[in-house]
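Source file entry_3.csv; content: CSV, C-alpha atoms.
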```csv
chain,number,residue,atom,x,y,z
A,1,MET,CA,166.4,16.8,128.5
A,2,LYS,CA,169.5,15.9,126.6
A,3,LYS,CA,172.9,16.4,128.4
A,4,ILE,CA,174.4,19.5,126.9
A,5,SER,CA,177.9,19.0,125.5
A,6,LYS,CA,180.7,21.6,125.5
A,7,GLN,CA,180.3,21.9,121.7
A,8,ALA,CA,176.6,22.7,122.1
A,9,TRP,CA,177.4,25.4,124.7
A,10,LEU,CA,180.1,26.8,122.4
A,11,GLY,CA,177.6,26.7,119.5
A,12,LEU,CA,175.0,28.5,121.6
A,13,ALA,CA,177.5,31.2,122.6
A,14,VAL,CA,178.6,31.7,119.0
A,15,THR,CA,174.9,31.9,118.0
A,16,VAL,CA,174.2,34.6,120.5
A,17,VAL,CA,177.3,36.6,119.5
A,18,ALA,CA,176.6,36.2,115.7
A,19,ASP,CA,172.9,37.2,116.2
A,20,SER,CA,174.0,40.3,118.1
A,21,PHE,CA,176.5,41.4,115.5
A,22,GLY,CA,174.1,40.4,112.7
A,23,GLN,CA,171.6,43.0,114.0
A,24,ILE,CA,174.2,45.7,114.2
A,25,PHE,CA,175.3,44.9,110.6
A,26,TRP,CA,171.6,44.9,109.6
A,27,LYS,CA,171.1,48.3,111.1
A,28,SER,CA,174.2,49.6,109.3
A,29,LEU,CA,173.0,48.2,106.0
A,30,ALA,CA,169.5,49.7,106.4
A,31,SER,CA,171.0,53.1,107.2
A,32,GLN,CA,173.0,53.2,104.0
A,33,LEU,CA,170.1,52.2,101.7
A,34,PRO,CA,168.7,54.9,99.4
A,35,ASP,CA,165.6,56.8,100.6
A,36,THR,CA,163.1,55.1,98.3
A,37,ASP,CA,160.3,52.6,98.4
A,38,HIS,CA,161.1,51.2,94.9
A,39,ILE,CA,162.0,47.6,95.8
A,40,PRO,CA,164.2,46.8,92.8
A,41,THR,CA,166.3,49.9,93.5
A,42,LEU,CA,166.7,48.9,97.1
A,43,ILE,CA,167.7,45.3,96.3
A,44,LEU,CA,170.2,46.5,93.7
A,45,ALA,CA,171.6,49.1,96.1
A,46,ALA,CA,171.9,46.5,98.9
A,47,ALA,CA,173.6,43.9,96.6
A,48,GLU,CA,176.4,46.5,95.8
A,49,MET,CA,177.2,46.9,99.5
A,50,PRO,CA,179.9,44.5,101.0
A,51,ILE,CA,178.0,44.6,104.3
A,52,PHE,CA,175.0,43.0,102.6
A,53,TRP,CA,177.0,39.9,101.6
A,54,ILE,CA,178.7,39.8,105.1
A,55,LEU,CA,175.2,39.8,106.7
A,56,ALA,CA,173.9,37.2,104.2
A,57,GLY,CA,176.9,35.0,104.9
A,58,LEU,CA,176.4,35.5,108.7
A,59,LEU,CA,172.7,34.6,108.6
A,60,LEU,CA,173.4,31.5,106.5
A,61,ALA,CA,176.2,30.4,108.8
A,62,GLN,CA,173.9,31.0,111.8
A,63,LEU,CA,171.2,28.8,110.2
A,64,PHE,CA,173.6,25.9,109.9
A,65,LEU,CA,175.1,26.5,113.3
A,66,TRP,CA,171.6,26.5,114.8
A,67,LEU,CA,170.7,23.2,113.1
A,68,ALA,CA,173.9,21.7,114.5
A,69,VAL,CA,173.1,23.0,118.0
A,70,LEU,CA,169.6,21.6,117.9
A,71,LYS,CA,171.1,18.1,117.1
A,72,GLN,CA,172.7,18.2,120.6
A,73,ALA,CA,170.3,20.3,122.6
A,74,ASP,CA,166.5,20.5,123.2
A,75,LEU,CA,164.8,23.3,121.5
A,76,SER,CA,163.1,24.3,124.7
A,77,PHE,CA,166.5,24.7,126.3
A,78,ALA,CA,168.4,26.3,123.4
A,79,GLN,CA,165.7,28.9,122.4
A,80,PRO,CA,165.6,30.8,125.7
A,81,ILE,CA,169.4,31.0,125.7
A,82,THR,CA,169.5,32.6,122.3
A,83,SER,CA,167.2,35.4,123.6
A,84,LEU,CA,170.4,36.6,125.4
A,85,SER,CA,171.1,38.3,122.0
A,86,TYR,CA,168.7,41.0,123.2
A,87,VAL,CA,171.3,41.9,125.8
A,88,GLY,CA,174.1,41.5,123.3
A,89,VAL,CA,172.4,43.9,120.8
A,90,GLY,CA,171.9,46.4,123.6
A,91,ILE,CA,175.6,46.4,124.5
A,92,LEU,CA,176.8,46.5,120.8
A,93,SER,CA,174.3,49.2,119.7
A,94,TYR,CA,175.5,51.4,122.6
A,95,LEU,CA,179.2,50.7,121.8
A,96,TRP,CA,179.0,50.8,118.0
A,97,LEU,CA,176.1,52.9,117.1
A,98,GLY,CA,176.0,55.2,120.1
A,99,GLU,CA,172.3,54.3,120.7
A,100,ILE,CA,171.2,55.0,124.3
A,101,TRP,CA,169.2,52.4,126.1
A,102,HIS,CA,166.8,54.0,128.6
A,103,ILE,CA,165.5,52.3,131.7
A,104,ARG,CA,162.3,51.6,129.8
A,105,THR,CA,164.1,49.7,127.0
A,106,ILE,CA,166.1,47.7,129.6
A,107,LEU,CA,162.8,46.8,131.3
A,108,SER,CA,161.5,45.8,127.9
A,109,VAL,CA,164.3,43.4,127.3
A,110,LEU,CA,163.9,41.9,130.8
A,111,PHE,CA,160.2,41.3,130.1
A,112,ILE,CA,161.0,39.7,126.8
A,113,LEU,CA,163.6,37.4,128.4
A,114,ILE,CA,161.1,36.2,131.0
A,115,GLY,CA,158.4,35.8,128.3
A,116,VAL,CA,160.7,33.8,125.9
A,117,SER,CA,161.7,31.6,128.9
A,118,LEU,CA,158.0,30.9,129.8
A,119,VAL,CA,157.0,30.3,126.1
A,120,SER,CA,159.9,27.9,125.5
A,121,SER,CA,160.0,26.1,128.9
A,122,SER,CA,156.3,25.0,129.0
A,123,SER,CA,155.9,21.5,127.7
A,124,SER,CA,153.9,20.7,124.6
A,125,SER,CA,150.5,19.5,125.8
A,126,SER,CA,149.3,18.1,122.5
A,127,LYS,CA,150.4,17.1,119.0
A,128,ALA,CA,149.5,19.6,116.4
A,129,SER,CA,146.3,18.7,114.7
A,130,PHE,CA,146.1,20.1,111.2
A,131,PRO,CA,142.7,21.4,110.1
A,132,GLN,CA,142.5,19.2,107.0
A,133,GLU,CA,143.5,16.1,109.0
A,134,ARG,CA,140.7,16.4,111.5
A,135,GLU,CA,137.9,13.8,111.3
A,136,ALA,CA,134.5,15.0,110.3
A,137,PRO,CA,132.0,15.1,113.2
B,138,MET,CA,159.0,57.5,107.1
B,139,ASN,CA,157.4,58.4,110.4
B,140,LEU,CA,157.7,56.5,113.6
B,141,ALA,CA,154.2,54.9,113.5
B,142,THR,CA,154.8,53.6,110.0
B,143,ALA,CA,158.1,52.1,110.9
B,144,ILE,CA,156.7,50.4,114.0
B,145,SER,CA,153.8,49.1,111.9
B,146,LEU,CA,156.3,47.5,109.5
B,147,VAL,CA,158.0,45.6,112.4
B,148,LEU,CA,154.6,44.5,113.7
B,149,ALA,CA,153.6,43.3,110.2
B,150,GLY,CA,156.9,41.5,109.9
B,151,SER,CA,156.4,39.7,113.2
B,152,ALA,CA,152.9,38.6,112.0
B,153,LEU,CA,154.4,37.3,108.8
B,154,GLU,CA,156.9,35.3,110.8
B,155,GLY,CA,154.0,33.7,112.7
B,156,PHE,CA,152.4,32.6,109.4
B,157,ALA,CA,155.8,31.5,108.0
B,158,GLN,CA,156.5,29.2,110.9
B,159,VAL,CA,153.0,27.7,110.5
B,160,CYS,CA,153.9,27.0,106.8
B,161,LEU,CA,157.1,25.3,107.8
B,162,LYS,CA,155.2,23.2,110.4
B,163,LEU,CA,152.7,22.2,107.8
B,164,ALA,CA,155.6,21.3,105.4
B,165,SER,CA,157.1,19.1,108.1
B,166,SER,CA,154.2,16.8,108.0
B,167,ARG,CA,153.8,16.7,104.2
B,168,GLN,CA,155.7,15.0,101.4
B,169,SER,CA,156.8,15.8,97.9
B,170,GLY,CA,154.6,18.5,96.2
B,171,ALA,CA,152.9,19.7,99.4
B,172,TYR,CA,156.2,19.8,101.2
B,173,VAL,CA,157.7,22.0,98.5
B,174,PHE,CA,154.7,24.3,98.4
B,175,TRP,CA,154.5,25.0,102.1
B,176,THR,CA,158.3,25.3,102.4
B,177,GLY,CA,158.4,27.7,99.4
B,178,PHE,CA,155.5,29.7,100.7
B,179,GLY,CA,157.0,30.0,104.1
B,180,SER,CA,160.3,31.1,102.7
B,181,ILE,CA,158.6,33.8,100.6
B,182,LEU,CA,157.0,35.1,103.8
B,183,PHE,CA,160.4,35.1,105.5
B,184,VAL,CA,161.9,37.1,102.7
B,185,LEU,CA,159.0,39.6,102.9
B,186,GLU,CA,159.6,39.8,106.7
B,187,ILE,CA,163.3,40.6,106.1
B,188,GLY,CA,162.3,43.3,103.6
B,189,LEU,CA,159.8,45.0,106.0
B,190,TYR,CA,162.3,44.8,108.9
B,191,THR,CA,165.1,46.3,106.8
B,192,ARG,CA,162.8,49.1,105.7
B,193,ALA,CA,161.8,49.8,109.3
B,194,LEU,CA,165.4,49.7,110.5
B,195,LYS,CA,166.2,52.7,108.3
B,196,SER,CA,163.9,54.8,110.5
B,197,LEU,CA,164.1,53.1,113.9
B,198,ASP,CA,166.9,52.6,116.4
B,199,ILE,CA,167.9,49.0,116.9
B,200,ALA,CA,167.1,49.6,120.6
B,201,VAL,CA,163.4,49.9,119.5
B,202,ALA,CA,163.2,47.6,116.5
B,203,TYR,CA,164.9,44.5,117.9
B,204,PRO,CA,162.8,44.3,121.1
B,205,LEU,CA,159.7,44.9,119.0
B,206,SER,CA,160.6,42.1,116.7
B,207,ALA,CA,160.3,39.7,119.7
B,208,LEU,CA,156.5,39.9,119.0
B,209,SER,CA,157.2,37.2,116.4
B,210,TYR,CA,157.4,34.7,119.4
B,211,ALA,CA,153.9,35.7,120.4
B,212,ALA,CA,152.7,35.6,116.7
B,213,VAL,CA,154.0,32.0,116.4
B,214,VAL,CA,152.1,30.9,119.5
B,215,ILE,CA,148.9,32.7,118.4
B,216,ALA,CA,149.2,31.4,114.8
B,217,ALA,CA,149.9,27.8,116.0
B,218,ARG,CA,146.8,28.0,118.2
B,219,MET,CA,144.5,29.5,115.6
B,220,LEU,CA,145.7,27.8,112.4
B,221,LEU,CA,147.1,24.5,113.6
B,222,GLY,CA,144.8,23.9,116.6
B,223,GLU,CA,147.7,23.4,119.0
B,224,LYS,CA,146.8,23.5,122.6
B,225,VAL,CA,148.6,26.3,124.4
B,226,ALA,CA,149.3,25.9,128.1
B,227,LEU,CA,148.6,28.8,130.5
B,228,ARG,CA,152.3,29.1,131.2
B,229,ARG,CA,152.9,29.8,127.5
B,230,TRP,CA,150.1,32.4,127.3
B,231,LEU,CA,151.8,34.1,130.3
B,232,GLY,CA,155.0,34.1,128.3
B,233,VAL,CA,153.2,35.7,125.4
B,234,ALA,CA,151.8,38.4,127.8
B,235,PHE,CA,155.3,39.2,129.0
B,236,ILE,CA,156.6,39.4,125.5
B,237,VAL,CA,153.8,41.7,124.4
B,238,ALA,CA,154.3,43.9,127.5
B,239,GLY,CA,158.1,44.0,126.8
B,240,ALA,CA,157.6,45.0,123.2
B,241,ALA,CA,155.1,47.7,124.3
B,242,LEU,CA,157.7,49.1,126.6
B,243,ALA,CA,160.2,49.3,123.7
B,244,ILE,CA,158.0,51.8,121.9
B,245,PRO,CA,159.2,55.3,122.5
B,246,GLU,CA,156.9,57.6,124.4
```
Could you quickly redo this structure as structure tokens?
Amino acid sequence: MKKISKQAWLGLAVTVVADSFGQIFWKSLASQLPDTDHIPTLILAAAEMPIFWILAGLLLAQLFLWLAVLKQADLSFAQPITSLSYVGVGILSYLWLGEIWHIRTILSVLFILIGVSLVSSSSSSSKASFPQEREAP
Amino acid sequence: MNLATAISLVLAGSALEGFAQVCLKLASSRQSGAYVFWTGFGSILFVLEIGLYTRALKSLDIAVAYPLSALSYAAVVIAARMLLGEKVALRRWLGVAFIVAGAALAIPE
């Protein structure tokens, strides 16, 4: 495992916070969209909302930040840390949106955190073998 | 939109992300035309996922939708196993089971 620099820790922390706020913005955007299934109408309506562009900018910045973090940290280390955004979203949705997280939902997040840690921390046991690259028997 | 439809949209979005990640993985081992094809196809799937998730969020609390979207982690593991032939360790399957159980708990009674 690579030694994690202070910059990588800072990047991870910012990623978790940005992801949490991004979800809250996303919910706010979705709530303001017109009640229709007509996709062009939805896209045009979204494009007229400032929050759409804030969210798009945030997602783009997050992508570049994530790439920068991965240059300094192993994916198997960084990925489970970012799942802390499930906790961040819980806190922010309670504070900003007034959503109530029941015991059942908190348990759900705990299970997901354990699951993401297990998925990310187990080592790769093989190289991917692409179907078209396999040798004929 | 009723609750079941909204939840179905999140589930479909998670499945799409599994396929999208497979496309990006395929792109990573290709060059020129094939690289552009798989990257483009994967990106289209991501955009579709964003659309489905946004539509679902209109009807679902974030407290339900966001934990449910964690199923994308499970979808990636399953898609990598089935479509790329990657070997998946028992520990990783255990993780998938925890994520599925966690997502199931997020669904309101």
Inset, instruction - Considering only C-alpha atoms, return as a list in words whatever protein or nucleic-acid residues lie within 9 Å of stretch 93-100 of chain A, sequence-local ones (same chain, fewer than 3 positions apart) excluded. - result: Gln23, Ile24, Ser28, Gly88, Val89 and Gly90 of chain A; Asp198, Ile199 and Ala200 of chain B
Inset, instruction - May I ask which of the residues B:Val225, B:Tyr203, B:Ala241, B:Leu220 is the closest one to A:Tyr86, counting all atoms listed in the file? - result: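 Of B:Val225, B:Tyr203, B:Ala241, B:Leu220, the one nearest A:Tyr86 is B:Tyr203, counting all atoms listed in the file.
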Legend entry - Within 10 Å of stretch 106-119 of chain A using all atoms listed in the file, minus same-chain residues under 3 positions, as number ranges by chain: A: 76-77, 79-87, 90, 101-103, 122-123; B: 200-201, 203-205, 207-208, 210-211, 214, 225-244
Legend entry - Residue with smallest distance to A:Ile4 - pool A:Leu29, A:Pro40, A:Asp74, A:Gly57, counting only C-alpha atoms: A:Asp74
Legend entry - Using all atoms listed in the file: which of A:Ala8, A:Leu70, A:Ile39, A:Ala18 has the shortest distance to chain B: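 Smallest distance to chain B is found for A:Ile39.
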Inset, instruction - Work out how far atom CA of A:Ile43 is from atom CA of B:Leu185, in Å to one decimal. - result: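 One can read the atom CA of B:Leu185 to atom CA of A:Ile43 distance as 12.3 Å.
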Set the distance at 12 Å and use only C-alpha atoms: which residues neighbour A:Leu58 once local chain neighbours fewer than 4 positions away are removed? I'd like the list as a PDB file with C-alpha atoms, in the frame of the given file.
```pdb
ATOM      1  CA  VAL A  14     178.600  31.700 119.000  1.00  0.00           C
ATOM      2  CA  THR A  15     174.900  31.900 118.000  1.00  0.00           C
ATOM      3  CA  VAL A  17     177.300  36.600 119.500  1.00  0.00           C
ATOM      4  CA  ALA A  18     176.600  36.200 115.700  1.00  0.00           C
ATOM      5  CA  ASP A  19     172.900  37.200 116.200  1.00  0.00           C
ATOM      6  CA  SER A  20     174.000  40.300 118.100  1.00  0.00           C
ATOM      7  CA  PHE A  21     176.500  41.400 115.500  1.00  0.00           C
ATOM      8  CA  GLY A  22     174.100  40.400 112.700  1.00  0.00           C
ATOM      9  CA  GLN A  23     171.600  43.000 114.000  1.00  0.00           C
ATOM     10  CA  ILE A  24     174.200  45.700 114.200  1.00  0.00           C
ATOM     11  CA  PHE A  25     175.300  44.900 110.600  1.00  0.00           C
ATOM     12  CA  TRP A  26     171.600  44.900 109.600  1.00  0.00           C
ATOM     13  CA  ILE A  51     178.000  44.600 104.300  1.00  0.00           C
ATOM     14  CA  PHE A  52     175.000  43.000 102.600  1.00  0.00           C
ATOM     15  CA  TRP A  53     177.000  39.900 101.600  1.00  0.00           C
ATOM     16  CA  ILE A  54     178.700  39.800 105.100  1.00  0.00           C
ATOM     17  CA  GLN A  62     173.900  31.000 111.800  1.00  0.00           C
ATOM     18  CA  LEU A  63     171.200  28.800 110.200  1.00  0.00           C
ATOM     19  CA  PHE A  64     173.600  25.900 109.900  1.00  0.00           C
ATOM     20  CA  LEU A  65     175.100  26.500 113.300  1.00  0.00           C
ATOM     21  CA  TRP A  66     171.600  26.500 114.800  1.00  0.00           C
TER      22      TRP A  66
END
```
Legend entry - Selected residue of minimal separation from chain B among A:Ser121, A:Thr105, A:Ser5, A:Gln72, counting only C-alpha atoms: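 Closest to chain B, using only C-alpha atoms: A:Thr105.
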Inset, instruction - Kindly give the distance, in Å, that separates atom CA of B:Thr176 and atom CA of B:Ala202, rounded to a single decimal. - result: 26.8 Å
Legend entry - B:Thr191, B:Ser151, B:Ser169, B:Ser196 ranked by distance to B:Ala212, top pick (using all atoms listed in the file):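 The shortest atom-to-atom distance to B:Ala212 comes from B:Ser151.
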Legend entry - Nearest candidate to B:Leu189 (options B:Ala149, B:Met138, B:Ala216, B:Cys160; using all atoms listed in the file):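 Among the listed residues, B:Ala149 lies closest to B:Leu189.
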Quick one: stretch 159-178 of chain B with N, CA and C atoms, as an mmCIF file, in the coordinates of the input?
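Writing done, so here's rebuild-v4.cif:
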```cif
data_model
loop_
_atom_site.group_PDB
_atom_site.id
_atom_site.type_symbol
_atom_site.label_atom_id
_atom_site.label_comp_id
_atom_site.auth_asym_id
_atom_site.auth_seq_id
_atom_site.Cartn_x
_atom_site.Cartn_y
_atom_site.Cartn_z
ATOM 1 N N VAL B 159 154.118 28.644 110.672
ATOM 2 C CA VAL B 159 153.000 27.700 110.500
ATOM 3 C C VAL B 159 153.197 26.948 109.159
ATOM 4 N N CYS B 160 153.614 27.676 108.122
ATOM 5 C CA CYS B 160 153.900 27.000 106.800
ATOM 6 C C CYS B 160 154.935 25.949 106.947
ATOM 7 N N LEU B 161 156.026 26.265 107.682
ATOM 8 C CA LEU B 161 157.100 25.300 107.800
ATOM 9 C C LEU B 161 156.625 24.080 108.638
ATOM 10 N N LYS B 162 155.764 24.352 109.637
ATOM 11 C CA LYS B 162 155.200 23.200 110.400
ATOM 12 C C LYS B 162 154.320 22.358 109.546
ATOM 13 N N LEU B 163 153.531 23.001 108.701
ATOM 14 C CA LEU B 163 152.700 22.200 107.800
ATOM 15 C C LEU B 163 153.564 21.416 106.827
ATOM 16 N N ALA B 164 154.660 22.027 106.360
ATOM 17 C CA ALA B 164 155.600 21.300 105.400
ATOM 18 C C ALA B 164 156.165 20.084 106.121
ATOM 19 N N SER B 165 156.435 20.217 107.431
ATOM 20 C CA SER B 165 157.100 19.100 108.100
ATOM 21 C C SER B 165 156.297 17.843 108.162
ATOM 22 N N SER B 166 154.988 17.962 107.979
ATOM 23 C CA SER B 166 154.200 16.800 108.000
ATOM 24 C C SER B 166 153.681 16.332 106.634
ATOM 25 N N ARG B 167 154.226 16.981 105.606
ATOM 26 C CA ARG B 167 153.800 16.700 104.200
ATOM 27 C C ARG B 167 154.965 16.040 103.460
ATOM 28 N N GLN B 168 154.629 15.558 102.275
ATOM 29 C CA GLN B 168 155.700 15.000 101.400
ATOM 30 C C GLN B 168 155.565 15.555 100.014
ATOM 31 N N SER B 169 156.611 15.387 99.271
ATOM 32 C CA SER B 169 156.800 15.800 97.900
ATOM 33 C C SER B 169 156.159 17.173 97.564
ATOM 34 N N GLY B 170 155.094 17.220 96.724
ATOM 35 C CA GLY B 170 154.600 18.500 96.200
ATOM 36 C C GLY B 170 154.123 19.434 97.343
ATOM 37 N N ALA B 171 153.372 18.904 98.301
ATOM 38 C CA ALA B 171 152.900 19.700 99.400
ATOM 39 C C ALA B 171 154.017 20.250 100.257
ATOM 40 N N TYR B 172 155.050 19.408 100.432
ATOM 41 C CA TYR B 172 156.200 19.800 101.200
ATOM 42 C C TYR B 172 156.891 21.026 100.535
ATOM 43 N N VAL B 173 157.078 20.904 99.213
ATOM 44 C CA VAL B 173 157.700 22.000 98.500
ATOM 45 C C VAL B 173 156.877 23.250 98.511
ATOM 46 N N PHE B 174 155.546 23.088 98.366
ATOM 47 C CA PHE B 174 154.700 24.300 98.400
ATOM 48 C C PHE B 174 154.739 25.015 99.690
ATOM 49 N N TRP B 175 154.567 24.290 100.812
ATOM 50 C CA TRP B 175 154.500 25.000 102.100
ATOM 51 C C TRP B 175 155.918 25.541 102.474
ATOM 52 N N THR B 176 156.993 24.795 102.101
ATOM 53 C CA THR B 176 158.300 25.300 102.400
ATOM 54 C C THR B 176 158.587 26.579 101.547
ATOM 55 N N GLY B 177 158.205 26.535 100.272
ATOM 56 C CA GLY B 177 158.400 27.700 99.400
ATOM 57 C C GLY B 177 157.588 28.888 99.858
ATOM 58 N N PHE B 178 156.318 28.643 100.216
ATOM 59 C CA PHE B 178 155.500 29.700 100.700
ATOM 60 C C PHE B 178 155.988 30.354 101.968
#
```
